[in-house]
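Trainee: Quick one: the structure is below, and I'll ask about it shortly.
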Number of protein chains: 2
Amino acid sequence: MLRMNNKNNITIKEVAESAGVSRATVSRVLNDSPVVTPDTRARVQSAMDSLGYRPNYFSQALAKNRSQSIGLLVRSLGGHYFGKLMYSLEEKLTTLGQYCMVSSGHGTYESERKAVDFMLSRRVDAMILYSDCLSDEEIIEINNSGTPVVVLSRYIEQLKDQCIYFDDVKAGYDSTRHLLDNGHRNIATVTGPLHKQDAEDRFLGYKKALEDFDIGFDQDLVVESSFQLEGGKEATKQLLSTGKNFSAIYYGNDEMAVGGLEVLRGAGVRVPEDVSILGFEDIQLCVYLKPNLTTIRVPLAEMAHIAADLAMNLVNNVSSDIALEVQLQLIERESVTRPCNKPEQNKN
Amino acid sequence: MLRMNNKNNITIKEVAESAGVSRATVSRVLNDSPVVTPDTRARVQSAMDSLGYRPNYFSQALAKNRSQSIGLLVRSLGGHYFGKLMYSLEEKLTTLGQYCMVSSGHGTYESERKAVDFMLSRRVDAMILYSDCLSDEEIIEINNSGTPVVVLSRYIEQLKDQCIYFDDVKAGYDSTRHLLDNGHRNIATVTGPLHKQDAEDRFLGYKKALEDFDIGFDQDLVVESSFQLEGGKEATKQLLSTGKNFSAIYYGNDEMAVGGLEVLRGAGVRVPEDVSILGFEDIQLCVYLKPNLTTIRVPLAEMAHIAADLAMNLVNNVSSDIALEVQLQLIERESVTRPCNKPEQNKN
DNA sequence: ACCAGCTGTGAAACCGGTTTCAAATTAGCC
DNA sequence: GGCTAATTTGAAACCGGTTTCACAGCTGGT
């Protein structure tokens, strides 16, 4: 019924014979070598067309020692944040004639390591890493053993020309500042794991903004949690249970804020009337939530484009002067307003 | 500063020399051939370990004419629906020692064709297609020219043992029936493009359910649109503008329902008090929406697992008796209630 | 002791390209 | 017309594995 194993097995040999030239010449045509005569080129070209020739990727990769692939490590295959990153990167790399091999790290060390090893075994020409768990040393080691690495959203001093990052301290500062400018004075924050640089930096920005307004820093209004939805939920519950007064919460990312919103709503706290909330990342969900989530937008598409260009430069061993720091932008929506005059609800 | 081109270039030759055997024997050890002596195997193994040998993927693929990769065509890399599909498939294929190469079709013919051609050029061992635009003939042609194909969410008679599908007519019927059972009698529907089989089938189910309740079918309550958010918005506007009476809308998928919800809300129509709505797919967004969206769940993870097994069977040319039809499930949430007694708002 | 039958191993061909290097052709110039 | 230089092409080595096939070394039966 179905014919197996009859893949289009036209090889360079058949093309060569059909065009009456050597395999070397066919290869030259394939690779746009400038030395072949227009006449020969045409003959070979038409032989290829009429035979339906398709070069064997593996032979090419083996002979050239180039895979024409870039590896991308993301935290997860699902979700809008990484979806957008993958989409932008694939789009860009495709125009550069590269394939984008994506592997998911699932947020665990084991899995990240496996994903990276797998991509190395498939001999990607370069890797773009959005890594949570790999140590700086490991990343440097990968880079130095021959597969150039571009690091996303993380700054490693020894690889400073290969990191694409933004200013997390500024993000924390601007967010908090936005709340302050809206008249909030009791501002809580739910941070990500503080041993992670980005979480810590945003927290530092938060503290700095409070200082600038001469507001004492209250440890009870700071809850450290995981960057996931559940983390946001738990942290928010904890915040509510302290009985402390606050009119705004600055969340370490949008996902946490979504979880927090659910908990707040469940506890009868109105957002933003009773409590304003603010996230980070600008995931697509933000605009579907009621209220729309005010947040800081991470320019993922831009980062992806820079990363692709940088990766290609590293592969081709040409140096570049691409700007590696990207700018964040506060997106004002509905979840932040001036604090109401009404007595707060969460005083119990 | 950074050392280039010093990839781990240990080849089988070095290993062979170090272990004092031939390359053939090393290859045998690599491929778990049963013929090699335990003693020899150990010697080779330790040589590999101490040299840090990593076989060259391209050589292997070239020599074996097997890429150990399965290609997956999806509509988009972002979004929860395909994110989940990719995740489930990657998870399963990884356990089978296969890489899952994902390409996005962006919902256009051009792009789908390009994605498929690209995967063919990378010589995937099989392809799993979630295709909107490719014709049956094209898919059959791909399959018959040597790269076996598994078709997701679509039924092609000539490839009936390679299609994983569900009963769209039943989905349409059950959805409509659920609304009918809740007491709705004026039920509108927003369908996807009716030239697509799934959209048409669900519409057929809708009509059948109405017939079973002896309810006359009103063409004004049917709007055909695109499967996207915008499509849902436009169709809903059109529905409102007819001035017709309806207490429920059955949407062709969740995304359209989300768009519709926005429009309804904007028009002052309360959901579900004034109008109940119902979607299809069960994207993650459903539970974040207010009200939560009642919908039909497509068991993507299950489909992915079946697809992976089936693909492997096709590659290895073994026949299987896996069940290819999956069952859908209605998930009751908040967006459907019994119609209110109050006069409807959209009578203008 | 001899031969048949196994078993483990190695030599060499092969997968389908690229690349080096030398040869063949053409062109340029006096 | 003859010599050199530049251009185009082909033969063969190579990339790093797998696989076929032949052979050497054992085993065991008579």
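In the structure tokens, the first chain shown is A, the next is B, and so on; residue numbers restart at 1 for each chain, and ligands run from 1 in the order shown.
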When DSSP works through the backbone of this structure, what residues of segment 56-218 of chain A end up as alpha helix (DSSP H), shown as a VMD selection string?
Mentor: chain A and resid 57 to 64 80 to 95 109 to 121 136 to 144 168 to 181 197 to 212
Trainee: Name the residues of segment 132-164 of chain A that fall into strand (DSSP E or B) according to DSSP on the backbone, using the chain letters and numbers of this document, as number ranges by chain.
Mentor: A: 149-152, 163-164
Trainee: Sort by chain and increasing residue number a table of all residues of chain B within 12 Å of chain D, each with its closest pair of atoms and their distance in Å to one decimal, counting only C-alpha atoms (C1' of nucleotides), and write it as CSV.
Mentor:
residue,atom,partner,partner_atom,distance
B:Asn9,CA,D:DG16,C1',10.3
B:Ile10,CA,D:DG16,C1',10.0
B:Thr11,CA,D:DG16,C1',6.7
B:Ile12,CA,D:DG16,C1',7.1
B:Lys13,CA,D:DG16,C1',8.5
B:Glu14,CA,D:DG16,C1',11.2
B:Arg23,CA,D:DG17,C1',9.0
B:Ala24,CA,D:DT18,C1',7.9
B:Thr25,CA,D:DT18,C1',10.6
B:Val26,CA,D:DG17,C1',10.2
B:Ser27,CA,D:DT18,C1',7.2
B:Arg28,CA,D:DT18,C1',8.9
B:Val29,CA,D:DT18,C1',11.9
B:Leu30,CA,D:DG17,C1',10.5
B:Asn31,CA,D:DT18,C1',9.7
B:Ser33,CA,D:DT18,C1',12.0
B:Arg54,CA,D:DG16,C1',11.2
B:Pro55,CA,D:DG17,C1',7.9
B:Asn56,CA,D:DG16,C1',6.6
B:Tyr57,CA,D:DG17,C1',8.6
B:Phe58,CA,D:DG16,C1',8.1
B:Ser59,CA,D:DG17,C1',4.6
B:Gln60,CA,D:DG17,C1',5.2
B:Ala61,CA,D:DG17,C1',8.4
B:Leu62,CA,D:DG17,C1',7.9
B:Ala63,CA,D:DT18,C1',5.4
B:Lys64,CA,D:DT18,C1',6.5
B:Asn65,CA,D:DT18,C1',9.9
B:Arg66,CA,D:DT18,C1',11.6
Trainee: Tell me, as a PyMOL selection string, which residues lie within 8 Å of segment 301-312 of chain B, counting only C-alpha atoms (C1' of nucleotides); anything in the same chain fewer than 6 positions away does not count.
Mentor: chain B and resi 70+84-85+88-89+92-93+126-128+148-150+152+162+164+320+322+324+326
Trainee: Residues of chain C within 7 Å of chain B, using only C-alpha atoms (C1' of nucleotides), as a list of chain:residue names?
Mentor: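 The complete set of qualifying residues is C:DG8, C:DG10, C:DC15.
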Trainee: Might you pull out every residue within 7 Å of Gly205 of chain B, with only C-alpha atoms (C1' of nucleotides) counted and same-chain residues fewer than 6 positions away left off, and present them as a list in words?
Mentor: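 My list of contacting residues is Val169, Lys170, Ala171, Gly172 and Tyr173 of chain B.
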Trainee: Dump all heavy atoms for the selected residues as a short mmCIF file (atom, residue, chain, number, x, y, z; two decimals), in the first residue's frame?
Mentor:
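The new file result.cif reads:
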data_model
loop_
_atom_site.label_atom_id
_atom_site.label_comp_id
_atom_site.auth_asym_id
_atom_site.auth_seq_id
_atom_site.Cartn_x
_atom_site.Cartn_y
_atom_site.Cartn_z
N VAL B 169 -18.24 16.33 14.65
CA VAL B 169 -19.70 16.40 14.62
C VAL B 169 -20.24 16.24 16.04
O VAL B 169 -21.07 17.01 16.51
CB VAL B 169 -20.29 15.31 13.70
CG1 VAL B 169 -21.80 15.39 13.72
CG2 VAL B 169 -19.78 15.48 12.27
N LYS B 170 -19.70 15.25 16.71
CA LYS B 170 -20.13 15.01 18.09
C LYS B 170 -19.81 16.22 18.98
O LYS B 170 -20.60 16.59 19.85
CB LYS B 170 -19.41 13.76 18.63
CG LYS B 170 -19.83 13.35 20.03
CD LYS B 170 -19.38 11.92 20.32
CE LYS B 170 -19.83 11.47 21.72
NZ LYS B 170 -19.25 12.27 22.79
N ALA B 171 -18.65 16.83 18.76
CA ALA B 171 -18.29 18.00 19.55
C ALA B 171 -19.34 19.09 19.36
O ALA B 171 -19.82 19.69 20.33
CB ALA B 171 -16.92 18.51 19.12
N GLY B 172 -19.70 19.33 18.11
CA GLY B 172 -20.70 20.35 17.83
C GLY B 172 -22.04 19.98 18.45
O GLY B 172 -22.75 20.81 19.03
N TYR B 173 -22.35 18.69 18.33
CA TYR B 173 -23.62 18.21 18.86
C TYR B 173 -23.66 18.36 20.39
O TYR B 173 -24.59 18.92 20.95
CB TYR B 173 -23.83 16.75 18.48
CG TYR B 173 -25.16 16.20 18.91
CD1 TYR B 173 -26.28 16.35 18.10
CD2 TYR B 173 -25.31 15.57 20.14
CE1 TYR B 173 -27.52 15.87 18.50
CE2 TYR B 173 -26.55 15.10 20.56
CZ TYR B 173 -27.65 15.24 19.74
OH TYR B 173 -28.87 14.77 20.14
#
